[in-house]
file final-v9.txt (compact mmCIF, C-alpha atoms and all ligand atoms)
# COMPACT_ATOMS: atom_id res chain seq x y z
CA MET A 1 -2.36 11.45 -20.29
CA ARG A 2 -5.92 11.58 -18.99
CA ARG A 3 -7.30 11.58 -22.55
CA PHE A 4 -5.99 8.05 -23.15
CA ASP A 5 -7.38 4.74 -21.91
CA ALA A 6 -6.60 4.44 -18.19
CA GLU A 7 -5.17 0.93 -18.30
CA ALA A 8 -3.03 1.63 -21.38
CA VAL A 9 -1.49 4.62 -19.57
CA HIS A 10 -0.93 2.43 -16.53
CA HIS A 11 0.97 -0.26 -18.46
CA LEU A 12 3.01 2.37 -20.29
CA THR A 13 3.99 3.97 -16.98
CA VAL A 14 4.96 0.62 -15.44
CA ARG A 15 7.06 -0.17 -18.49
CA ALA A 16 8.81 3.21 -18.40
CA LEU A 17 9.59 2.79 -14.69
CA ALA A 18 10.79 -0.77 -15.30
CA VAL A 19 13.23 0.56 -17.91
CA LEU A 20 14.31 3.31 -15.49
CA SER A 21 14.93 0.60 -12.87
CA THR A 22 17.53 -0.95 -15.19
CA LEU A 23 19.44 2.32 -15.83
CA PRO A 24 21.97 2.70 -13.00
CA LEU A 25 22.99 6.28 -13.65
CA ALA A 26 19.53 7.69 -14.38
CA LYS A 27 17.87 6.08 -11.41
CA ARG A 28 20.62 7.21 -9.06
CA LEU A 29 20.47 10.78 -10.34
CA LEU A 30 16.71 10.93 -9.95
CA HIS A 31 16.87 9.28 -6.56
CA ARG A 32 19.42 11.81 -5.38
CA ARG A 33 17.15 14.70 -6.45
CA LEU A 34 13.75 13.29 -5.53
CA ALA A 35 13.98 10.78 -2.68
CA PRO A 36 13.47 11.98 0.88
CA ARG A 37 16.89 12.69 2.40
CA ASP A 38 15.97 14.78 5.41
CA PRO A 39 16.95 12.83 8.56
CA ALA A 40 13.93 14.40 10.32
CA LEU A 41 11.62 12.40 8.02
CA ARG A 42 13.12 9.02 8.84
CA ILE A 43 10.81 6.51 10.42
CA SER A 44 11.49 3.11 11.93
CA ALA A 45 8.67 0.61 12.02
CA PHE A 46 8.74 -3.09 12.82
CA GLY A 47 12.51 -3.05 12.56
CA VAL A 48 12.56 -1.55 9.06
CA HIS A 49 13.98 1.92 8.30
CA PHE A 50 11.94 4.14 6.00
CA PRO A 51 13.45 7.36 4.55
CA GLY A 52 10.05 9.11 4.75
CA PRO A 53 6.47 8.30 5.72
CA LEU A 54 4.78 8.26 2.29
CA GLY A 55 4.85 5.07 0.22
CA LEU A 56 3.11 3.75 -2.86
CA ALA A 57 0.10 1.53 -2.05
CA ALA A 58 -0.39 -1.93 -3.53
CA GLY A 59 -1.89 -2.36 -6.98
CA PHE A 60 0.44 -0.28 -9.14
CA ASP A 61 3.52 -2.52 -9.29
CA LYS A 62 1.57 -5.78 -9.28
CA ASP A 63 4.49 -7.91 -10.51
CA ALA A 64 7.37 -6.28 -8.65
CA ALA A 65 8.69 -5.00 -11.97
CA CYS A 66 9.62 -1.40 -11.22
CA ALA A 67 10.09 -0.75 -7.48
CA GLU A 68 13.41 1.04 -8.00
CA GLY A 69 11.91 3.37 -10.60
CA ILE A 70 9.13 4.24 -8.15
CA ALA A 71 11.59 4.86 -5.32
CA ALA A 72 13.64 7.08 -7.66
CA LEU A 73 10.57 9.34 -7.97
CA GLY A 74 10.51 9.94 -4.22
CA PHE A 75 8.35 7.32 -2.55
CA GLY A 76 9.61 6.16 0.84
CA HIS A 77 8.54 2.59 0.21
CA VAL A 78 6.80 0.50 -2.42
CA GLU A 79 4.21 -2.15 -1.73
CA VAL A 80 4.23 -4.57 -4.65
CA GLY A 81 1.32 -6.88 -5.53
CA THR A 82 -1.23 -8.08 -4.95
CA ILE A 83 0.59 -11.26 -5.92
CA THR A 84 -1.22 -14.60 -5.98
CA ALA A 85 0.33 -18.08 -5.77
CA HIS A 86 -0.61 -18.77 -9.38
CA GLY A 87 -0.53 -16.27 -12.24
CA GLN A 88 -3.92 -15.11 -13.52
CA PRO A 89 -5.27 -12.66 -16.12
CA GLY A 90 -7.69 -10.72 -13.90
CA ASN A 91 -11.11 -9.53 -15.05
CA PRO A 92 -12.03 -8.65 -18.65
CA ARG A 93 -11.34 -5.07 -19.77
CA PRO A 94 -12.37 -2.35 -19.34
CA ARG A 95 -11.68 -2.64 -15.62
CA LEU A 96 -10.12 0.69 -14.67
CA PHE A 97 -12.12 3.93 -14.75
CA ARG A 98 -11.13 7.50 -13.90
CA LEU A 99 -13.63 9.79 -12.20
CA VAL A 100 -11.72 12.99 -12.84
CA ARG A 101 -14.18 15.44 -11.26
CA GLU A 102 -14.35 13.39 -8.08
CA ARG A 103 -10.56 12.86 -8.05
CA ALA A 104 -11.33 9.16 -7.79
CA VAL A 105 -10.81 5.87 -9.60
CA ILE A 106 -12.94 2.74 -9.82
CA ASN A 107 -11.14 -0.53 -10.54
CA ARG A 108 -12.12 -4.13 -10.89
CA MET A 109 -8.73 -5.43 -12.00
CA GLY A 110 -9.12 -8.75 -10.14
CA PHE A 111 -5.49 -9.43 -9.15
CA ASN A 112 -4.04 -9.66 -12.66
CA ASN A 113 -0.47 -10.81 -12.03
CA GLU A 114 2.12 -13.33 -13.17
CA GLY A 115 2.17 -15.27 -9.91
CA ALA A 116 4.47 -15.66 -6.93
CA ALA A 117 7.34 -17.45 -8.67
CA ALA A 118 7.69 -14.75 -11.35
CA ALA A 119 7.61 -11.98 -8.72
CA ALA A 120 10.17 -13.85 -6.61
CA ARG A 121 12.55 -14.01 -9.57
CA ARG A 122 12.36 -10.23 -9.93
CA LEU A 123 12.69 -9.57 -6.20
CA ARG A 124 15.87 -11.67 -6.10
CA ARG A 125 17.64 -9.40 -8.58
CA PRO A 126 20.28 -7.24 -6.93
CA ARG A 127 19.18 -3.63 -6.47
CA GLY A 128 21.14 -0.46 -7.12
CA LEU A 129 19.01 1.74 -4.86
CA PRO A 130 18.01 1.37 -1.23
CA VAL A 131 14.27 0.60 -1.59
CA VAL A 132 11.92 -0.65 1.10
CA VAL A 133 9.72 -3.23 -0.61
CA GLY A 134 6.58 -4.59 1.01
CA VAL A 135 4.95 -7.61 -0.62
CA ASN A 136 1.16 -7.87 -0.67
CA ILE A 137 -0.33 -11.34 -1.21
CA GLY A 138 -3.86 -12.45 -2.08
CA LYS A 139 -5.85 -15.54 -3.01
CA THR A 140 -5.71 -17.09 -6.47
CA LYS A 141 -9.20 -16.67 -7.97
CA VAL A 142 -9.81 -20.32 -8.94
CA VAL A 143 -8.87 -21.61 -5.48
CA PRO A 144 -12.01 -22.24 -3.40
CA GLU A 145 -12.37 -20.86 0.14
CA ALA A 146 -11.41 -24.24 1.61
CA GLY A 147 -8.01 -23.99 -0.06
CA ALA A 148 -7.42 -20.32 0.77
CA VAL A 149 -4.98 -20.87 3.66
CA ALA A 150 -2.78 -23.23 1.63
CA ASP A 151 -2.83 -20.79 -1.30
CA TYR A 152 -1.68 -17.83 0.83
CA VAL A 153 0.93 -20.04 2.51
CA GLU A 154 2.31 -21.00 -0.89
CA SER A 155 2.79 -17.32 -1.79
CA ALA A 156 4.21 -16.54 1.64
CA LYS A 157 6.82 -19.30 1.37
CA GLU A 158 7.97 -17.95 -1.96
CA LEU A 159 7.89 -14.25 -1.08
CA ALA A 160 8.35 -13.72 2.67
CA PRO A 161 12.13 -14.26 2.50
CA LEU A 162 12.34 -11.52 -0.15
CA ALA A 163 10.08 -8.93 1.50
CA ASP A 164 10.88 -6.10 3.92
CA TYR A 165 7.34 -6.69 5.16
CA LEU A 166 4.52 -9.00 4.10
CA VAL A 167 0.84 -8.05 3.79
CA VAL A 168 -2.11 -10.43 3.83
CA ASN A 169 -4.70 -8.78 1.63
CA VAL A 170 -8.22 -9.89 2.53
CA SER A 171 -9.92 -6.69 1.46
CA SER A 172 -9.96 -6.34 -2.33
CA PRO A 173 -13.52 -6.34 -3.65
CA ASN A 174 -12.75 -7.95 -7.01
CA THR A 175 -12.03 -11.57 -6.03
CA PRO A 176 -15.31 -13.29 -5.11
CA GLY A 177 -15.40 -14.27 -1.41
CA LEU A 178 -12.06 -12.67 -0.55
CA ARG A 179 -13.45 -10.11 1.88
CA ASP A 180 -15.31 -12.87 3.77
CA LEU A 181 -11.86 -13.92 5.00
CA GLN A 182 -11.94 -10.83 7.23
CA ALA A 183 -14.37 -12.63 9.57
CA VAL A 184 -12.34 -13.57 12.63
CA GLU A 185 -13.18 -17.31 12.44
CA LEU A 186 -11.64 -17.46 8.96
CA LEU A 187 -8.98 -14.83 9.53
CA ARG A 188 -7.42 -16.47 12.61
CA PRO A 189 -6.29 -19.69 10.88
CA LEU A 190 -5.20 -17.74 7.79
CA LEU A 191 -3.06 -15.20 9.65
CA SER A 192 -1.66 -17.86 12.02
CA ALA A 193 -0.50 -20.00 9.11
CA VAL A 194 1.08 -17.10 7.19
CA LYS A 195 2.68 -15.82 10.39
CA GLU A 196 4.38 -19.14 10.93
CA VAL A 197 5.97 -18.80 7.49
CA ALA A 198 6.93 -15.14 8.06
CA ASP A 199 8.42 -15.96 11.46
CA GLY A 200 10.49 -18.72 9.89
CA THR A 201 12.53 -16.53 7.55
CA ALA A 202 16.12 -15.63 8.38
CA ARG A 203 15.24 -12.14 9.61
CA ARG A 204 11.62 -12.79 10.67
CA THR A 205 9.57 -10.92 8.11
CA PRO A 206 7.12 -8.41 9.64
CA LEU A 207 3.49 -9.29 8.90
CA LEU A 208 0.55 -6.91 8.39
CA VAL A 209 -3.07 -7.37 7.36
CA LYS A 210 -4.91 -5.02 4.97
CA ILE A 211 -8.57 -4.34 5.66
CA ALA A 212 -11.57 -2.89 3.84
CA PRO A 213 -13.26 0.41 4.67
CA ASP A 214 -16.62 -1.32 4.43
CA LEU A 215 -16.16 -3.40 7.59
CA ALA A 216 -18.61 -2.54 10.35
CA ASP A 217 -16.94 -0.74 13.26
CA ASP A 218 -17.24 -3.82 15.50
CA ASP A 219 -15.49 -5.89 12.86
CA VAL A 220 -12.66 -3.35 12.65
CA ASP A 221 -12.24 -3.78 16.42
CA ALA A 222 -12.35 -7.57 16.09
CA VAL A 223 -9.59 -7.60 13.47
CA ALA A 224 -7.52 -5.24 15.62
CA ASP A 225 -7.93 -7.53 18.64
CA LEU A 226 -6.98 -10.54 16.55
CA ALA A 227 -3.90 -8.80 15.18
CA LEU A 228 -2.79 -8.10 18.75
CA GLU A 229 -3.58 -11.63 19.89
CA LEU A 230 -1.54 -13.18 17.07
CA GLY A 231 1.37 -10.78 17.45
CA LEU A 232 1.07 -9.22 14.00
CA ASP A 233 3.18 -6.15 13.30
CA GLY A 234 0.51 -3.89 11.92
CA ILE A 235 -2.66 -3.12 10.00
CA ILE A 236 -3.04 -1.36 6.66
CA ALA A 237 -6.30 0.56 6.41
CA THR A 238 -7.92 0.82 3.98
CA ASN A 239 -8.48 -0.84 0.64
CA THR A 240 -11.07 0.51 -1.85
CA THR A 241 -14.78 0.77 -1.03
CA ILE A 242 -17.70 -0.88 -2.79
CA ARG A 243 -20.09 1.72 -1.29
CA HIS A 244 -20.69 3.88 -4.33
CA GLY A 245 -23.14 4.14 -7.19
CA GLY A 246 -20.79 3.82 -10.17
CA GLU A 247 -19.29 0.99 -12.21
CA THR A 248 -18.82 -2.36 -10.45
CA GLY A 249 -15.52 -2.32 -8.59
CA GLY A 250 -13.66 -0.63 -5.76
CA LEU A 251 -13.63 3.15 -5.42
CA SER A 252 -10.44 4.94 -4.38
CA GLY A 253 -9.31 8.54 -4.04
CA ARG A 254 -10.97 11.60 -2.54
CA PRO A 255 -14.39 10.06 -1.74
CA LEU A 256 -12.63 7.44 0.39
CA LYS A 257 -10.78 9.98 2.54
CA GLU A 258 -13.29 10.41 5.32
CA ARG A 259 -13.98 6.72 5.99
CA SER A 260 -10.31 5.79 5.72
CA LEU A 261 -9.46 8.38 8.39
CA GLU A 262 -12.35 7.18 10.53
CA VAL A 263 -11.07 3.59 10.42
CA LEU A 264 -7.58 4.79 11.32
CA ARG A 265 -8.91 6.69 14.35
CA ARG A 266 -10.90 3.67 15.47
CA LEU A 267 -7.86 1.41 15.15
CA ARG A 268 -5.64 3.81 17.07
CA ALA A 269 -8.22 4.07 19.86
CA ARG A 270 -8.28 0.27 20.06
CA VAL A 271 -4.57 -0.62 19.80
CA GLY A 272 -2.70 2.57 20.72
CA ASP A 273 0.91 2.19 19.69
CA ARG A 274 1.03 -1.58 20.11
CA LEU A 275 0.65 -2.08 16.33
CA THR A 276 2.03 -0.11 13.40
CA LEU A 277 -0.87 1.51 11.58
CA VAL A 278 -0.46 2.26 7.88
CA SER A 279 -3.09 4.67 6.60
CA VAL A 280 -4.21 4.63 2.97
CA GLY A 281 -7.27 5.96 1.18
CA GLY A 282 -7.85 9.40 -0.28
CA VAL A 283 -4.49 10.88 0.63
CA GLU A 284 -4.01 13.81 -1.75
CA ASP A 285 -1.59 16.29 -0.24
CA VAL A 286 0.75 17.17 2.61
CA ASP A 287 -2.17 18.12 4.86
CA ASP A 288 -3.66 14.64 4.48
CA VAL A 289 -0.35 12.96 5.33
CA TRP A 290 0.09 15.20 8.36
CA GLU A 291 -3.45 14.48 9.54
CA ARG A 292 -2.95 10.70 9.26
CA LEU A 293 0.26 10.87 11.27
CA LEU A 294 -1.43 12.97 13.95
CA ALA A 295 -4.28 10.45 14.07
CA GLY A 296 -1.85 7.62 14.78
CA ALA A 297 -0.49 6.30 11.48
CA THR A 298 3.24 5.57 11.45
CA LEU A 299 3.27 5.24 7.66
CA VAL A 300 0.98 6.60 4.96
CA GLN A 301 0.35 5.29 1.46
CA GLY A 302 -1.30 6.66 -1.66
CA TYR A 303 -2.14 5.54 -5.16
CA THR A 304 -4.99 7.59 -6.65
CA GLY A 305 -3.46 10.83 -5.32
CA TRP A 306 -0.40 10.05 -7.43
CA ILE A 307 -2.51 9.50 -10.58
CA TYR A 308 -3.93 13.03 -10.26
CA GLY A 309 -0.94 14.66 -8.56
CA GLY A 310 1.59 13.79 -11.28
CA PRO A 311 4.89 11.91 -11.26
CA LEU A 312 6.60 14.09 -8.65
CA TRP A 313 3.71 13.85 -6.18
CA ALA A 314 5.53 11.90 -3.45
CA SER A 315 8.74 13.89 -3.75
CA ARG A 316 6.81 17.16 -3.43
CA ILE A 317 4.92 15.96 -0.35
CA HIS A 318 8.11 14.80 1.36
CA ARG A 319 9.70 18.18 0.69
CA GLN A 320 6.66 19.95 2.15
CA LEU A 321 6.77 17.65 5.17
CA SER A 322 10.40 18.62 5.77
CA ARG A 323 9.45 22.29 5.78
CA ARG A 324 6.56 21.68 8.14
CA VAL A 325 8.73 19.70 10.56
CA ARG A 326 11.12 22.68 10.69
CA ARG A 327 8.28 25.16 11.13
CA HIS A 328 7.01 23.21 14.13
CA ARG A 329 10.56 23.00 15.50
CA LEU A 330 10.48 19.22 15.63
CA THR A 331 13.62 17.15 15.38
CA SER A 332 11.72 14.18 13.98
CA ILE A 333 8.40 13.75 12.26
CA THR A 334 7.78 10.75 14.53
CA GLU A 335 7.05 13.25 17.33
CA ILE A 336 3.60 13.96 15.87
CA ILE A 337 2.45 10.34 15.50
CA GLY A 338 -0.78 9.89 17.42
CA ARG A 339 -0.75 13.43 18.88
CA THR A 340 -4.45 13.99 18.21
CA ALA A 341 -5.47 10.42 18.96
C1 LIG B 401 -6.04 0.49 -10.00
C2 LIG B 401 -5.92 0.04 -8.56
C3 LIG B 401 -5.50 -1.24 -8.29
C4 LIG B 401 -5.38 -1.68 -6.97
N1 LIG B 401 -4.93 -2.94 -6.72
C5 LIG B 401 -4.74 -3.33 -5.43
C6 LIG B 401 -4.19 -4.59 -5.15
O1 LIG B 401 -3.85 -5.37 -6.03
N2 LIG B 401 -4.03 -4.94 -3.84
C7 LIG B 401 -4.37 -4.09 -2.81
O2 LIG B 401 -4.19 -4.46 -1.64
N3 LIG B 401 -4.88 -2.87 -3.07
C8 LIG B 401 -5.06 -2.48 -4.34
N4 LIG B 401 -5.58 -1.24 -4.60
C9 LIG B 401 -5.98 -0.38 -3.46
C10 LIG B 401 -4.91 0.61 -3.06
O3 LIG B 401 -3.75 -0.05 -2.61
C11 LIG B 401 -5.43 1.53 -1.94
O4 LIG B 401 -5.69 0.75 -0.78
C12 LIG B 401 -6.70 2.25 -2.33
O5 LIG B 401 -6.66 2.63 -3.69
C13 LIG B 401 -6.94 3.50 -1.49
O6 LIG B 401 -5.88 4.42 -1.64
P1 LIG B 401 -5.94 5.69 -2.64
O7 LIG B 401 -7.23 6.41 -2.36
O8 LIG B 401 -4.73 6.47 -2.30
O9 LIG B 401 -5.90 5.15 -4.02
C14 LIG B 401 -5.71 -0.80 -5.91
C15 LIG B 401 -6.13 0.51 -6.21
C16 LIG B 401 -6.25 0.94 -7.50
C17 LIG B 401 -6.70 2.35 -7.79
call {"tool": "encode", "arguments": {"input": "final-v9.txt", "output": "structure tokens"}}
result
Amino acid sequence: MRRFDAEAVHHLTVRALAVLSTLPLAKRLLHRRLAPRDPALRISAFGVHFPGPLGLAAGFDKDAACAEGIAALGFGHVEVGTITAHGQPGNPRPRLFRLVRERAVINRMGFNNEGAAAAARRLRRPRGLPVVVGVNIGKTKVVPEAGAVADYVESAKELAPLADYLVVNVSSPNTPGLRDLQAVELLRPLLSAVKEVADGTARRTPLLVKIAPDLADDDVDAVADLALELGLDGIIATNTTIRHGGETGGLSGRPLKERSLEVLRRLRARVGDRLTLVSVGGVEDVDDVWERLLAGATLVQGYTGWIYGGPLWASRIHRQLSRRVRRHRLTSITEIIGRTA
């Protein structure tokens, strides 16, 4: 598949998984074979039960079109989005580039998605598989900074009632000005307003914020303090980095591993177990997942690792995690969370 255009392969894969999501027998059979079923891998976070720690990061299922197909391949959760209040085409193509030797990807997709109402319609459809679905929201490109809070609130109103957890994404590099919203003066009113919406749903939707790896260490601490102050449920770290010498866009995959782990360690040192930390960035194999859990992550996500690891990537890692849990004579994988922190 690597010989074909990266975005064409992406759309083909989404379409195939969307079809799989509509086939009751096929998806159940695959799910039975590939989804994590070992009770020792179960994790509870912010009141939600996850069958295993490894989920698919945001950016693959941008329109919430194929979450069941993804879960059938063995992911413990699926974060859909980024979804914006209004549909938008994203940046001109080409906007997705593989760096095969580096095991990395550069993207400047720019939140191409059909908008919150279209995603909500799909999320309302009854599901045939038990899938944990997080919903990641961002700012519509044409909305100026002054309208950002209202724009996020519009998405949150539509999507929070349908999400197992909600993520405020202020860290993608491909929407001009978006990452400036990570500054505490701008982030406080934004998170407060979205939290009010999330708190108002029937089951109080857990709320997390997703941050960039390019924040200075002091700013990572400031966001962590703010998340505690506002009573958020967790932090997802990290998004892609703009610190690289290639095509314009955000870099993901192996070169991001070190900084992503560093941000996780910093967050854990700051907040301990008072927030759920979700670690993402450069996760390639079972050793990476194990290391993130030890460093204090409760959940781990990957995207680029899946591109290079093949369709059964998540299922394989969950199986290897099961074996490792047994080898260490643990009754639950949760026993290792934060052990090296
Ligand atoms: C093609 C592509 C599109 C992405 N789109 C989004 C997005 O819409 N929203 C978001 O929060 N993160 C997005 N990301 C970032 C990933 O969710 C993840 O944070 C990042 O890629 C680091 O993880 P990885 O090294 O496992 O890929 C995207 C990543 C890629 C490769």
call {"tool": "atom_distance", "arguments": {"input": "final-v9.txt", "atom1": "atom CA of Val184 of chain A", "atom2": "atom CA of Ile337 of chain A"}}
result
28.3 Å
call {"tool": "residues_near_ligand", "arguments": {"input": "final-v9.txt", "ligand": "ligand LIG 401 (chain B)", "cutoff": "6 Å", "atoms": "only C-alpha atoms and all ligand atoms", "output": "PDB file with C-alpha atoms, keeping the file's coordinate frame"}}
result
ATOM      1  CA  ALA A  57       0.100   1.530  -2.050  1.00  0.00           C
ATOM      2  CA  ALA A  58      -0.390  -1.930  -3.530  1.00  0.00           C
ATOM      3  CA  GLY A  59      -1.890  -2.360  -6.980  1.00  0.00           C
ATOM      4  CA  GLY A  81       1.320  -6.880  -5.530  1.00  0.00           C
ATOM      5  CA  THR A  82      -1.230  -8.080  -4.950  1.00  0.00           C
ATOM      6  CA  VAL A 105     -10.810   5.870  -9.600  1.00  0.00           C
ATOM      7  CA  ASN A 107     -11.140  -0.530 -10.540  1.00  0.00           C
ATOM      8  CA  PHE A 111      -5.490  -9.430  -9.150  1.00  0.00           C
ATOM      9  CA  ASN A 169      -4.700  -8.780   1.630  1.00  0.00           C
ATOM     10  CA  THR A 238      -7.920   0.820   3.980  1.00  0.00           C
ATOM     11  CA  ASN A 239      -8.480  -0.840   0.640  1.00  0.00           C
ATOM     12  CA  THR A 240     -11.070   0.510  -1.850  1.00  0.00           C
ATOM     13  CA  SER A 252     -10.440   4.940  -4.380  1.00  0.00           C
ATOM     14  CA  GLY A 253      -9.310   8.540  -4.040  1.00  0.00           C
ATOM     15  CA  VAL A 280      -4.210   4.630   2.970  1.00  0.00           C
ATOM     16  CA  GLY A 281      -7.270   5.960   1.180  1.00  0.00           C
ATOM     17  CA  GLY A 282      -7.850   9.400  -0.280  1.00  0.00           C
ATOM     18  CA  VAL A 283      -4.490  10.880   0.630  1.00  0.00           C
ATOM     19  CA  GLY A 302      -1.300   6.660  -1.660  1.00  0.00           C
ATOM     20  CA  TYR A 303      -2.140   5.540  -5.160  1.00  0.00           C
ATOM     21  CA  THR A 304      -4.990   7.590  -6.650  1.00  0.00           C
ATOM     22  CA  GLY A 305      -3.460  10.830  -5.320  1.00  0.00           C
TER      23      GLY A 305
END
call {"tool": "closest_residue", "arguments": {"input": "final-v9.txt", "among": "A:Arg125, A:Lys139, A:Lys257, A:His77", "to": "Pro173 of chain A", "atoms": "all atoms listed in the file"}}
result
A:Lys139
call {"tool": "closest_residue", "arguments": {"input": "final-v9.txt", "among": "A:Pro24, A:Gly90, A:Gly231, A:Gly177", "to": "Ser192 of chain A", "atoms": "only C-alpha atoms"}}
result
A:Gly231
call {"tool": "residues_around", "arguments": {"input": "final-v9.txt", "residues": "Ala104 of chain A", "least_positions_apart": "2", "cutoff": "8 Å", "atoms": "all atoms listed in the file", "output": "JSON, numbers by chain"}}
result
{"A": [98, 99, 100, 101, 102, 106, 251, 252, 253, 254, 255, 304]}
call {"tool": "residues_around", "arguments": {"input": "final-v9.txt", "residues": "Asp199 of chain A", "least_positions_apart": "5", "cutoff": "12 Å", "atoms": "only C-alpha atoms", "output": "ChimeraX atom specification"}}
result
/A:156-157,160-161,165-166,191-194,204-207,230-233
call {"tool": "atom_distance", "arguments": {"input": "final-v9.txt", "atom1": "atom CA of Ala183 of chain A", "atom2": "atom CA of Pro92 of chain A"}}
result
28.6 Å
call {"tool": "residues_around", "arguments": {"input": "final-v9.txt", "residues": "Pro51 of chain A", "least_positions_apart": "2", "cutoff": "6 Å", "atoms": "all atoms listed in the file", "output": "PyMOL selection string"}}
result
chain A and resi 36+42+76
call {"tool": "atom_distance", "arguments": {"input": "final-v9.txt", "atom1": "atom CA of Leu264 of chain A", "atom2": "atom CA of Ala71 of chain A"}}
result
25.4 Å
call {"tool": "closest_residue", "arguments": {"input": "final-v9.txt", "among": "A:Ser332, A:Arg124, A:Glu229, A:Val223", "to": "Ser44 of chain A", "atoms": "only C-alpha atoms"}}
result
A:Ser332
call {"tool": "closest_residue", "arguments": {"input": "final-v9.txt", "among": "A:Gly69, A:Gly309, A:Gly249, A:Gly147", "to": "Arg108 of chain A", "atoms": "all atoms listed in the file"}}
result
A:Gly249
call {"tool": "closest_residue", "arguments": {"input": "final-v9.txt", "among": "A:Phe50, A:Trp313, A:Tyr152, A:Tyr308", "to": "Ile83 of chain A", "atoms": "only C-alpha atoms"}}
result
A:Tyr152
call {"tool": "closest_residue", "arguments": {"input": "final-v9.txt", "among": "A:Glu68, A:Arg37, A:Asp63, A:Pro144", "to": "Asn113 of chain A", "atoms": "all atoms listed in the file"}}
result
A:Asp63
